[in-house]
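Asker: Input file: target.cif. Contents: mmCIF, C-alpha atoms.
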data_my_file
#
loop_
_atom_site.label_atom_id
_atom_site.label_comp_id
_atom_site.auth_asym_id
_atom_site.auth_seq_id
_atom_site.Cartn_x
_atom_site.Cartn_y
_atom_site.Cartn_z
CA MET A 1 -18.30 28.52 -23.17
CA ASN A 2 -15.05 28.37 -21.26
CA LEU A 3 -15.40 28.91 -17.52
CA THR A 4 -12.60 29.95 -15.17
CA ILE A 5 -13.06 30.04 -11.41
CA SER A 6 -10.07 31.73 -9.83
CA HIS A 7 -9.38 31.89 -6.07
CA LEU A 8 -13.10 32.12 -5.33
CA SER A 9 -14.02 32.57 -1.66
CA LYS A 10 -17.29 33.06 0.15
CA ARG A 11 -17.61 33.77 3.86
CA TYR A 12 -20.80 34.03 5.88
CA GLY A 13 -19.61 35.84 9.01
CA THR A 14 -16.85 33.61 10.35
CA PHE A 15 -18.01 30.56 8.39
CA VAL A 16 -16.01 29.92 5.23
CA ALA A 17 -18.33 28.24 2.71
CA VAL A 18 -15.94 28.36 -0.25
CA ASN A 19 -12.22 28.63 0.35
CA ASP A 20 -9.83 29.79 -2.40
CA LEU A 21 -11.39 27.63 -5.13
CA SER A 22 -9.73 27.58 -8.55
CA VAL A 23 -11.10 25.39 -11.35
CA GLU A 24 -10.90 25.57 -15.13
CA ILE A 25 -13.91 24.16 -17.04
CA PRO A 26 -13.14 23.90 -20.75
CA SER A 27 -15.79 24.51 -23.39
CA GLY A 28 -17.79 21.43 -24.37
CA THR A 29 -16.99 19.55 -21.17
CA ILE A 30 -19.40 17.74 -18.88
CA PHE A 31 -18.01 18.64 -15.49
CA GLY A 32 -19.22 17.00 -12.27
CA LEU A 33 -18.99 18.77 -8.94
CA LEU A 34 -18.95 16.34 -6.04
CA GLY A 35 -18.80 16.79 -2.31
CA PRO A 36 -20.45 15.84 0.96
CA ASN A 37 -23.45 17.86 2.15
CA GLY A 38 -22.40 21.40 3.02
CA ALA A 39 -19.18 21.19 1.02
CA GLY A 40 -19.96 24.44 -0.81
CA LYS A 41 -21.30 23.21 -4.16
CA THR A 42 -24.48 25.31 -4.24
CA THR A 43 -22.66 28.34 -2.83
CA THR A 44 -20.09 28.02 -5.64
CA PHE A 45 -22.90 28.01 -8.22
CA LYS A 46 -24.54 31.04 -6.64
CA CYS A 47 -21.29 33.01 -6.56
CA MET A 48 -20.60 32.08 -10.19
CA LEU A 49 -23.99 33.35 -11.29
CA GLY A 50 -24.04 36.51 -9.22
CA LEU A 51 -26.82 35.22 -6.98
CA ALA A 52 -24.49 35.61 -4.00
CA ALA A 53 -21.69 38.15 -3.65
CA SER A 54 -18.33 36.43 -3.40
CA SER A 55 -15.89 37.45 -0.69
CA GLY A 56 -12.89 37.19 -3.00
CA GLY A 57 -11.61 35.83 -6.29
CA SER A 58 -13.22 35.90 -9.69
CA VAL A 59 -15.24 33.92 -12.20
CA THR A 60 -14.87 34.59 -15.92
CA TYR A 61 -16.79 33.36 -18.95
CA ASP A 62 -14.62 33.08 -22.07
CA GLY A 63 -12.26 35.38 -20.16
CA LYS A 64 -14.88 38.03 -19.42
CA PRO A 65 -16.69 38.79 -16.17
CA LEU A 66 -20.39 38.05 -15.75
CA ALA A 67 -22.51 40.58 -17.67
CA PRO A 68 -26.25 40.82 -18.40
CA ALA A 69 -25.73 39.83 -22.06
CA LEU A 70 -24.41 36.46 -20.85
CA PHE A 71 -27.68 35.48 -19.17
CA GLU A 72 -29.19 34.68 -22.59
CA ARG A 73 -26.40 32.15 -23.15
CA MET A 74 -26.61 30.29 -19.85
CA VAL A 75 -29.15 28.49 -17.77
CA TYR A 76 -29.23 27.64 -14.08
CA LEU A 77 -31.25 24.82 -12.60
CA PRO A 78 -31.45 25.40 -8.84
CA GLU A 79 -31.48 22.50 -6.41
CA ARG A 80 -35.04 23.26 -5.37
CA ASP A 81 -37.45 24.07 -8.15
CA VAL A 82 -38.63 27.66 -8.27
CA LEU A 83 -41.81 27.08 -10.24
CA TYR A 84 -44.95 29.03 -9.41
CA ASP A 85 -47.40 26.57 -7.89
CA TRP A 86 -50.48 28.19 -9.43
CA MET A 87 -49.23 28.06 -13.03
CA ARG A 88 -50.04 25.39 -15.55
CA VAL A 89 -46.97 23.63 -16.99
CA SER A 90 -47.72 25.22 -20.38
CA GLU A 91 -47.67 28.65 -18.70
CA VAL A 92 -44.22 27.94 -17.25
CA VAL A 93 -43.06 27.26 -20.80
CA GLU A 94 -44.75 30.41 -22.08
CA MET A 95 -43.11 32.50 -19.36
CA ASN A 96 -39.68 31.18 -20.35
CA GLU A 97 -40.40 31.80 -24.01
CA ARG A 98 -41.23 35.42 -23.28
CA ALA A 99 -38.21 35.94 -21.06
CA PHE A 100 -35.49 34.30 -23.15
CA THR A 101 -34.95 34.83 -26.88
CA ARG A 102 -33.14 31.53 -27.39
CA PHE A 103 -35.79 29.46 -25.60
CA LYS A 104 -37.55 26.94 -27.87
CA ARG A 105 -41.14 26.16 -26.95
CA GLY A 106 -41.29 23.12 -29.25
CA ARG A 107 -38.23 21.62 -27.63
CA ALA A 108 -39.71 22.18 -24.16
CA TYR A 109 -42.93 20.39 -25.18
CA GLU A 110 -40.91 17.54 -26.67
CA LEU A 111 -38.95 17.10 -23.44
CA LEU A 112 -42.06 17.33 -21.25
CA ALA A 113 -43.59 14.54 -23.33
CA MET A 114 -40.43 12.48 -22.90
CA PHE A 115 -40.73 12.84 -19.12
CA GLY A 116 -44.42 11.95 -19.36
CA ILE A 117 -45.69 15.30 -18.07
CA ASP A 118 -49.16 16.55 -19.01
CA ARG A 119 -48.60 20.25 -19.78
CA ASN A 120 -52.16 21.19 -18.89
CA LYS A 121 -51.59 20.23 -15.27
CA ARG A 122 -50.96 22.83 -12.61
CA VAL A 123 -47.57 22.77 -10.96
CA ARG A 124 -49.12 22.30 -7.52
CA SER A 125 -50.65 18.98 -8.58
CA LEU A 126 -47.27 17.50 -9.56
CA SER A 127 -45.11 15.23 -7.42
CA LYS A 128 -41.62 16.35 -6.38
CA GLY A 129 -40.01 14.30 -9.13
CA MET A 130 -42.40 15.64 -11.78
CA LYS A 131 -41.62 19.20 -10.70
CA THR A 132 -37.93 18.43 -11.14
CA ALA A 133 -38.73 17.06 -14.59
CA VAL A 134 -40.62 20.26 -15.53
CA ALA A 135 -37.66 22.37 -14.41
CA VAL A 136 -35.23 20.11 -16.31
CA ALA A 137 -37.32 20.16 -19.51
CA ASN A 138 -37.38 23.95 -19.43
CA ALA A 139 -33.66 24.22 -18.67
CA PHE A 140 -32.74 22.05 -21.65
CA ALA A 141 -34.99 24.01 -24.01
CA HIS A 142 -32.76 27.11 -23.74
CA GLU A 143 -30.09 26.05 -26.25
CA ALA A 144 -27.64 27.51 -23.76
CA ASP A 145 -23.86 27.62 -24.13
CA LEU A 146 -23.45 26.93 -20.42
CA LEU A 147 -25.74 24.82 -18.24
CA VAL A 148 -25.32 24.94 -14.48
CA LEU A 149 -27.38 22.13 -12.96
CA ASP A 150 -27.64 21.68 -9.20
CA GLU A 151 -28.71 18.08 -8.49
CA PRO A 152 -30.62 17.77 -11.80
CA THR A 153 -31.79 14.21 -11.14
CA SER A 154 -33.00 14.47 -7.56
CA GLY A 155 -36.37 12.81 -7.05
CA LEU A 156 -36.45 11.31 -10.57
CA ASP A 157 -36.97 7.61 -11.26
CA PRO A 158 -34.11 5.69 -12.92
CA VAL A 159 -35.60 5.98 -16.41
CA ASN A 160 -35.95 9.75 -16.18
CA GLN A 161 -32.51 10.03 -14.53
CA ARG A 162 -31.07 8.37 -17.61
CA HIS A 163 -33.01 10.83 -19.80
CA VAL A 164 -31.36 13.72 -17.96
CA LEU A 165 -27.88 12.23 -18.40
CA ASN A 166 -28.54 11.74 -22.12
CA LEU A 167 -29.71 15.34 -22.41
CA MET A 168 -26.42 16.43 -20.86
CA VAL A 169 -24.47 14.27 -23.34
CA ASN A 170 -26.50 15.78 -26.16
CA GLU A 171 -25.77 19.34 -25.02
CA ALA A 172 -22.04 18.61 -24.73
CA ALA A 173 -22.07 17.03 -28.21
CA ARG A 174 -23.30 20.30 -29.69
CA GLY A 175 -20.51 22.15 -27.88
CA ALA A 176 -22.22 23.44 -24.74
CA THR A 177 -20.48 23.32 -21.37
CA VAL A 178 -22.34 21.40 -18.68
CA LEU A 179 -21.52 21.86 -15.01
CA PHE A 180 -23.56 19.75 -12.62
CA SER A 181 -23.55 18.57 -9.04
CA SER A 182 -24.81 15.23 -7.86
CA HIS A 183 -24.72 12.97 -4.85
CA GLN A 184 -25.08 9.99 -7.14
CA ILE A 185 -21.50 9.13 -7.91
CA GLY A 186 -22.55 6.49 -10.44
CA GLN A 187 -24.17 9.17 -12.61
CA VAL A 188 -21.16 11.42 -12.44
CA GLU A 189 -18.92 8.46 -13.24
CA ARG A 190 -20.96 7.66 -16.33
CA ALA A 191 -21.60 11.07 -17.85
CA ALA A 192 -18.87 13.42 -16.66
CA GLU A 193 -15.48 13.81 -18.27
CA ARG A 194 -13.88 15.82 -15.49
CA ILE A 195 -14.70 16.18 -11.81
CA ALA A 196 -13.88 18.40 -8.89
CA VAL A 197 -14.40 17.22 -5.33
CA LEU A 198 -15.17 19.92 -2.78
CA ASP A 199 -14.67 19.24 0.90
CA ARG A 200 -15.52 21.86 3.51
CA GLY A 201 -15.21 24.59 0.89
CA ARG A 202 -11.82 23.51 -0.38
CA LEU A 203 -10.90 21.77 -3.61
CA ALA A 204 -9.92 18.24 -2.52
CA LEU A 205 -9.40 16.71 -5.97
CA GLU A 206 -9.75 17.68 -9.61
CA GLY A 207 -9.13 15.93 -12.91
CA ALA A 208 -10.39 13.77 -15.76
CA ILE A 209 -12.13 10.68 -14.36
CA ASP A 210 -10.39 8.34 -16.80
CA ASP A 211 -6.97 9.73 -15.85
CA LEU A 212 -7.72 9.47 -12.13
CA LYS A 213 -8.75 5.84 -12.62
CA ALA A 214 -5.66 5.08 -14.70
CA ASP A 215 -3.34 6.56 -12.05
CA ARG A 216 -4.94 5.67 -8.73
CA LYS A 217 -4.71 2.06 -7.62
CA ILE A 218 -4.41 0.02 -4.47
CA VAL A 219 -1.36 -2.23 -4.33
CA GLU A 220 -1.74 -5.13 -1.93
CA ALA A 221 0.99 -7.47 -0.69
CA ILE A 222 1.36 -10.18 1.89
CA PHE A 223 4.53 -10.49 3.97
CA PRO A 224 5.89 -13.66 5.58
CA SER A 225 5.79 -12.19 9.08
CA GLU A 226 4.35 -9.17 10.81
CA GLN A 227 7.82 -7.65 11.05
CA PHE A 228 8.66 -6.11 7.69
CA SER A 229 10.13 -2.93 6.32
CA LEU A 230 8.66 -1.04 3.37
CA ASN A 231 11.96 0.53 2.28
CA GLY A 232 10.89 4.12 2.83
CA LEU A 233 7.68 3.75 0.81
CA ALA A 234 5.86 5.85 3.42
CA ASN A 235 7.80 8.93 2.24
CA ASP A 236 7.20 8.28 -1.47
CA LYS A 237 5.22 11.12 -3.08
CA ARG A 238 3.26 8.62 -5.19
CA VAL A 239 1.94 6.93 -2.04
CA GLY A 240 -1.32 8.36 -0.70
CA ARG A 241 -1.61 6.15 2.32
CA ILE A 242 -0.49 2.80 3.70
CA ASP A 243 -2.76 0.48 5.64
CA ARG A 244 -1.18 -2.40 7.55
CA SER A 245 -3.14 -5.22 9.00
CA GLY A 246 -0.95 -8.01 10.35
CA ARG A 247 0.98 -9.46 7.43
CA ILE A 248 -1.09 -7.67 4.79
CA VAL A 249 -0.26 -4.21 3.51
CA ARG A 250 -2.40 -2.12 1.19
CA VAL A 251 -0.80 0.91 -0.43
CA THR A 252 -3.01 3.58 -2.01
CA ALA A 253 -0.98 4.69 -5.03
CA LEU A 254 -1.71 8.09 -6.56
CA ASP A 255 0.54 7.17 -9.48
CA GLY A 256 3.16 4.59 -10.47
CA ALA A 257 1.33 1.48 -9.17
CA PRO A 258 3.49 -1.01 -11.15
CA GLU A 259 6.72 0.45 -9.68
CA ILE A 260 5.24 0.38 -6.19
CA ALA A 261 4.21 -3.25 -6.76
CA ALA A 262 7.78 -4.06 -7.79
CA GLN A 263 9.11 -2.31 -4.67
CA LEU A 264 6.80 -4.34 -2.43
CA GLU A 265 8.01 -7.52 -4.13
CA ALA A 266 11.63 -6.44 -3.64
CA ALA A 267 10.86 -5.86 0.03
CA GLY A 268 9.77 -9.51 0.35
CA GLY A 269 6.05 -9.16 -0.31
CA THR A 270 4.24 -11.99 -2.07
CA GLY A 271 0.85 -12.23 -3.74
CA VAL A 272 1.22 -8.64 -4.93
CA ARG A 273 -1.99 -7.43 -6.59
CA ILE A 274 -2.88 -4.12 -8.22
CA ILE A 275 -6.53 -3.29 -7.55
CA ASP A 276 -8.51 -0.83 -9.71
CA LEU A 277 -10.46 1.92 -7.99
CA ASN A 278 -13.83 3.26 -9.04
CA LEU A 279 -14.91 6.86 -8.62
CA GLU A 280 -16.59 6.17 -5.29
CA ASP A 281 -13.31 4.82 -3.85
CA ILE A 282 -11.45 7.84 -5.24
CA PHE A 283 -14.08 10.22 -3.84
CA LEU A 284 -14.06 8.64 -0.38
CA TYR A 285 -10.28 8.86 -0.28
CA ALA A 286 -10.40 12.55 -1.29
CA VAL A 287 -12.81 13.49 1.49
CA ALA A 288 -11.29 11.25 4.19
CA PRO A 289 -10.06 13.13 7.27
CA ALA A 290 -6.51 14.42 6.79
CA SER A 291 -5.29 12.26 9.70
CA ALA A 292 -6.10 9.15 7.66
CA HIS A 293 -3.57 10.20 5.01
CA ALA A 294 -0.66 10.64 7.41
CA GLY A 295 1.95 7.98 6.81
CA VAL A 296 1.30 4.48 8.01
CA VAL A 297 -2.06 3.55 9.47
CA GLU A 298 -1.66 0.56 11.78
CA GLY A 299 -4.53 -1.90 11.60
CA SER A 300 -5.43 -4.45 14.22
CA MET B 1 -22.94 -1.15 -36.39
CA PRO B 2 -24.66 -3.74 -34.23
CA ALA B 3 -25.18 -2.65 -30.66
CA VAL B 4 -22.35 -4.71 -29.25
CA LEU B 5 -20.77 -2.09 -27.04
CA THR B 6 -21.49 -1.74 -23.37
CA VAL B 7 -19.49 0.10 -20.77
CA ASP B 8 -19.32 -0.40 -17.04
CA PRO B 9 -18.78 3.06 -15.58
CA ARG B 10 -18.34 1.57 -12.09
CA SER B 11 -15.30 -0.37 -13.21
CA GLY B 12 -11.83 0.87 -12.37
CA VAL B 13 -10.91 0.56 -16.05
CA PRO B 14 -11.23 3.98 -17.74
CA ILE B 15 -14.29 4.18 -20.00
CA TYR B 16 -12.30 5.18 -23.12
CA GLN B 17 -10.16 2.09 -22.63
CA GLN B 18 -13.26 -0.11 -22.35
CA ILE B 19 -14.50 1.30 -25.67
CA VAL B 20 -11.11 0.84 -27.35
CA GLU B 21 -10.84 -2.78 -26.22
CA GLN B 22 -14.38 -3.67 -27.25
CA ILE B 23 -14.02 -2.18 -30.72
CA LYS B 24 -10.67 -3.95 -31.17
CA ARG B 25 -12.26 -7.18 -30.03
CA SER B 26 -15.25 -6.71 -32.36
CA ALA B 27 -12.87 -6.07 -35.27
CA ALA B 28 -10.78 -9.11 -34.37
CA LEU B 29 -13.87 -11.33 -34.17
CA GLY B 30 -15.25 -9.98 -37.43
CA VAL B 31 -18.33 -8.50 -35.76
CA LEU B 32 -17.06 -5.26 -37.23
CA GLN B 33 -15.99 -5.77 -40.82
CA ASN B 34 -13.31 -4.03 -42.84
CA GLY B 35 -14.59 -0.73 -44.12
CA GLU B 36 -17.64 -0.81 -41.87
CA GLN B 37 -18.74 2.58 -40.59
CA LEU B 38 -18.68 3.28 -36.88
CA PRO B 39 -21.34 5.39 -35.20
CA THR B 40 -20.53 9.08 -34.91
CA VAL B 41 -18.97 10.26 -31.68
CA LYS B 42 -22.26 11.88 -30.71
CA GLN B 43 -24.34 8.80 -31.52
CA LEU B 44 -22.10 6.43 -29.57
CA ALA B 45 -21.97 8.89 -26.65
CA LEU B 46 -25.76 8.94 -26.56
CA ASP B 47 -26.03 5.14 -26.98
CA LEU B 48 -23.70 4.56 -24.03
CA THR B 49 -24.64 7.70 -22.04
CA VAL B 50 -21.03 8.70 -21.68
CA ASN B 51 -19.64 12.10 -22.49
CA PRO B 52 -18.64 12.75 -26.12
CA ASN B 53 -15.02 13.66 -25.31
CA THR B 54 -14.51 10.17 -23.88
CA VAL B 55 -15.73 8.58 -27.12
CA ALA B 56 -13.60 10.98 -29.15
CA ARG B 57 -10.58 9.98 -27.08
CA ALA B 58 -11.29 6.27 -27.74
CA TYR B 59 -11.58 6.93 -31.50
CA ARG B 60 -8.27 8.84 -31.47
CA ASP B 61 -6.56 5.88 -29.77
CA LEU B 62 -8.09 3.43 -32.27
CA GLU B 63 -6.91 5.61 -35.14
CA ARG B 64 -3.41 5.79 -33.67
CA ASP B 65 -3.35 1.98 -33.36
CA GLY B 66 -4.37 1.61 -37.00
CA VAL B 67 -7.71 -0.07 -36.28
CA ILE B 68 -9.95 2.66 -37.67
CA GLU B 69 -9.58 5.65 -39.96
CA THR B 70 -11.52 8.87 -39.98
CA ALA B 71 -12.46 10.71 -43.14
CA PRO B 72 -13.35 14.32 -42.34
CA GLY B 73 -17.05 14.87 -42.96
CA ARG B 74 -17.73 11.21 -43.72
CA GLY B 75 -17.13 9.51 -40.39
CA SER B 76 -14.97 6.76 -38.93
CA PHE B 77 -14.47 3.37 -40.56
CA VAL B 78 -12.80 0.10 -39.68
CA LYS B 79 -9.57 0.28 -41.62
CA GLY B 80 -9.56 -1.67 -44.85
CA ASP B 81 -5.89 -2.08 -45.71
CA GLY B 82 -3.75 -3.50 -42.96
CA ALA B 83 -6.88 -4.34 -40.99
CA ALA B 84 -5.71 -7.94 -40.66
CA THR B 85 -2.53 -6.80 -38.92
CA ALA B 86 -4.45 -4.36 -36.80
CA THR B 87 -6.96 -6.93 -35.72
CA LYS B 88 -4.26 -9.48 -35.00
CA ALA B 89 -2.48 -6.90 -32.89
CA ALA B 90 -5.79 -6.22 -31.17
CA ALA B 91 -6.31 -9.92 -30.48
CA SER B 92 -2.78 -10.15 -29.06
CA ASP B 93 -3.51 -7.17 -26.84
CA VAL B 94 -6.66 -8.65 -25.39
CA THR B 95 -5.05 -12.06 -24.95
CA ARG B 96 -1.91 -10.68 -23.35
CA ARG B 97 -3.98 -8.85 -20.75
CA ALA B 98 -6.03 -11.96 -19.96
CA VAL B 99 -2.93 -14.17 -19.67
CA GLU B 100 -1.12 -11.55 -17.62
CA THR B 101 -3.98 -11.38 -15.13
CA SER B 102 -4.26 -15.16 -14.88
CA VAL B 103 -0.53 -15.71 -14.40
CA ARG B 104 -0.29 -12.94 -11.81
CA GLU B 105 -3.21 -14.42 -9.87
CA ALA B 106 -1.70 -17.91 -10.15
CA LYS B 107 1.61 -16.67 -8.77
CA ALA B 108 -0.17 -14.74 -6.00
CA MET B 109 -1.89 -17.97 -4.96
CA GLY B 110 1.43 -19.77 -4.73
CA LEU B 111 1.67 -21.78 -7.97
CA THR B 112 5.19 -22.27 -9.33
CA ARG B 113 6.38 -21.37 -12.81
CA GLU B 114 6.28 -25.09 -13.69
CA ASP B 115 2.68 -25.44 -12.37
CA VAL B 116 1.57 -22.50 -14.51
CA ARG B 117 3.42 -23.80 -17.58
CA ARG B 118 1.64 -27.17 -17.23
CA LEU B 119 -1.75 -25.45 -16.97
CA ILE B 120 -1.12 -23.29 -20.02
CA ASP B 121 0.15 -26.29 -22.01
CA ALA B 122 -3.01 -28.19 -21.15
CA VAL B 123 -5.16 -25.30 -22.40
CA LEU B 124 -3.09 -25.00 -25.59
CA ASP B 125 -3.41 -28.75 -26.21
CA ARG B 126 -7.14 -28.46 -25.93
CA TRP B 127 -7.55 -25.52 -28.31
CA PHE B 128 -4.74 -26.27 -30.78
CA PRO B 129 -4.89 -30.11 -30.84
CA GLU B 130 -3.62 -30.32 -34.44
CA GLU B 131 -0.33 -28.61 -33.54
CA ARG B 132 0.60 -30.86 -30.65
#
What is this structure when it is put down as structure tokens?
Answerer:
Amino acid sequence: MNLTISHLSKRYGTFVAVNDLSVEIPSGTIFGLLGPNGAGKTTTFKCMLGLAASSGGSVTYDGKPLAPALFERMVYLPERDVLYDWMRVSEVVEMNERAFTRFKRGRAYELLAMFGIDRNKRVRSLSKGMKTAVAVANAFAHEADLLVLDEPTSGLDPVNQRHVLNLMVNEAARGATVLFSSHQIGQVERAAERIAVLDRGRLALEGAIDDLKADRKIVEAIFPSEQFSLNGLANDKRVGRIDRSGRIVRVTALDGAPEIAAQLEAAGGTGVRIIDLNLEDIFLYAVAPASAHAGVVEGS
Amino acid sequence: MPAVLTVDPRSGVPIYQQIVEQIKRSAALGVLQNGEQLPTVKQLALDLTVNPNTVARAYRDLERDGVIETAPGRGSFVKGDGAATATKAAASDVTRRAVETSVREAKAMGLTREDVRRLIDAVLDRWFPEER
């Protein structure tokens, strides 16, 4: 299912939780939503699913607005589990089976076994991580066309975290669209194809992870003395920021790293190196205060 | 296919590129033989826990470079004809990158062109003694 978020906004009084957010999530994509706490990730999910009224903008599914018929085709895993404490795990499965025509009981049992959950246990007797696993097992038994997963691995041990990532890969392989949020950048980096970074409600960065990594580099050079000119590099659109520390300069390149390296060499820099960035570096740059991006940052 | 592929998602090298280079390397080393079938996109995605579109992108690049071919409905195979050329090209690719990195580092640390040439000659002498 193709998902289009267009100029979405959500205000609570004077607080702007989501600010003019536009993102396109193509069918069959695993899409990671990243952002610091309070960036607006959960609010975005709630607005998408009609659980909160948006203040502006629109969300469409295959070009159409949200309608009751769509609820059969999508599944939402909230950040905090919403299981009834008094139910047995098997009753949670039964409830889902009764409520959703596409839900597969056998698949749910299979996944519960994979997570090592005894389905005769009552929800209240489960640990936080096991409750997450119950919610996850049920979510992935829907055969949904769109999965919206808010922190689907929180509280899980590394083995079960990997199970969840593999389930996401499996869903995408059969053509479903998976949208998930996570604080664990390593997981997003592994499983997601595209990401969006939210920062204080605004879209700070969006793109395919592999493309972002191919484009964004740090170019480092050493100059013979502390007095050197960078030939107008500070005004170059491909330059995200410049850090100077004595004779060393590090240029964050958004694109065109080899050309920037050549320019630094032409300006008299030696020992020019192009350094790869991982997703964490790219994320931290995207959510850095705007002042840190402005022109040349003088180090000590 | 033997489970020879691993990816490091934390690396700054895009995952599809890691897959492309490892399959080229496996083909060049003969770990993957001519005509050998590759795992399906879905299977490799699950094996590596990376998203299927990334694997599909790697397979497209490998096909473009003549290393593999895909028969609709049958799967992807290491290319039979012209595989020798493809694997040699792959070996050159991998080697060029390694040499490039080493030479750049050497220059960055202040070695001269002549210093680097001597080092490379010494390595060549060691590995190709018969052609001295």
Asker: Apply the PyMOL selection byres ((chain B and resi 65) around 10) to the file shown and report the selected residues as a ChimeraX atom specification.
Answerer: /B:20,24,59-64,66-69,86-87,89-90
Asker: What is the atom CA of A:Ala214 to atom CA of A:Ala262 distance in Å?
Answerer: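 Computing the Euclidean distance for atom CA of A:Ala214 and atom CA of A:Ala262 yields 17.7 Å.
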Asker: Just checking: using only C-alpha atoms, which residue out of B:Arg25, B:Lys42, B:Arg74, B:Lys79 ends up closest to chain A?
Answerer: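 When distances to chain A are compared using only C-alpha atoms, the smallest one comes from B:Lys42.
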Asker: Please return, as a PyMOL selection string, all residues of chain A lying within 7 Å of chain B when all atoms listed in the file are considered.
Answerer: chain A and resi 30+165-166+169-170+172-173+186+189-193+210+213-214+270-272+276-278
Asker: Go through the shown structure with the PyMOL selection byres ((chain A and resi 265) around 12) and write out the matching residues as a list in words.
Answerer: Val219, Glu220, Ala221, Ile222, Phe223, Pro224, Phe228, Ser229, Leu230, Asn231, Val249, Pro258, Glu259, Ile260, Ala261, Ala262, Gln263, Leu264, Ala266, Ala267, Gly268, Gly269, Thr270, Gly271, Val272 and Arg273 of chain A; Ala108 of chain B
Asker: Distance atom CA of A:Phe103-atom CA of A:Asn160, one decimal place?
Answerer: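 For atom CA of A:Phe103 relative to atom CA of A:Asn160, the distance reads 21.8 Å.
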Asker: Set the distance at 8 Å and use only C-alpha atoms: which residues neighbour A:Gly201 once local chain neighbours fewer than 2 positions away are removed? I'd like the list as JSON, numbers by chain.
Answerer: {"A": [16, 17, 18, 19, 21, 39, 40, 198, 199, 203]}
Asker: Can you list, as a list in words, every protein, DNA or RNA residue that comes within 10 Å of A:Leu254 when you count only C-alpha atoms, leaving out same-chain residues fewer than 6 positions away?
Answerer: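 Counting only C-alpha atoms, the residues come to Leu212, Lys213, Ala214, Asp215, Arg216, Lys217, Ile218, Lys237, Arg238, Val239, Gly240, Arg241 and Ile282 of chain A.
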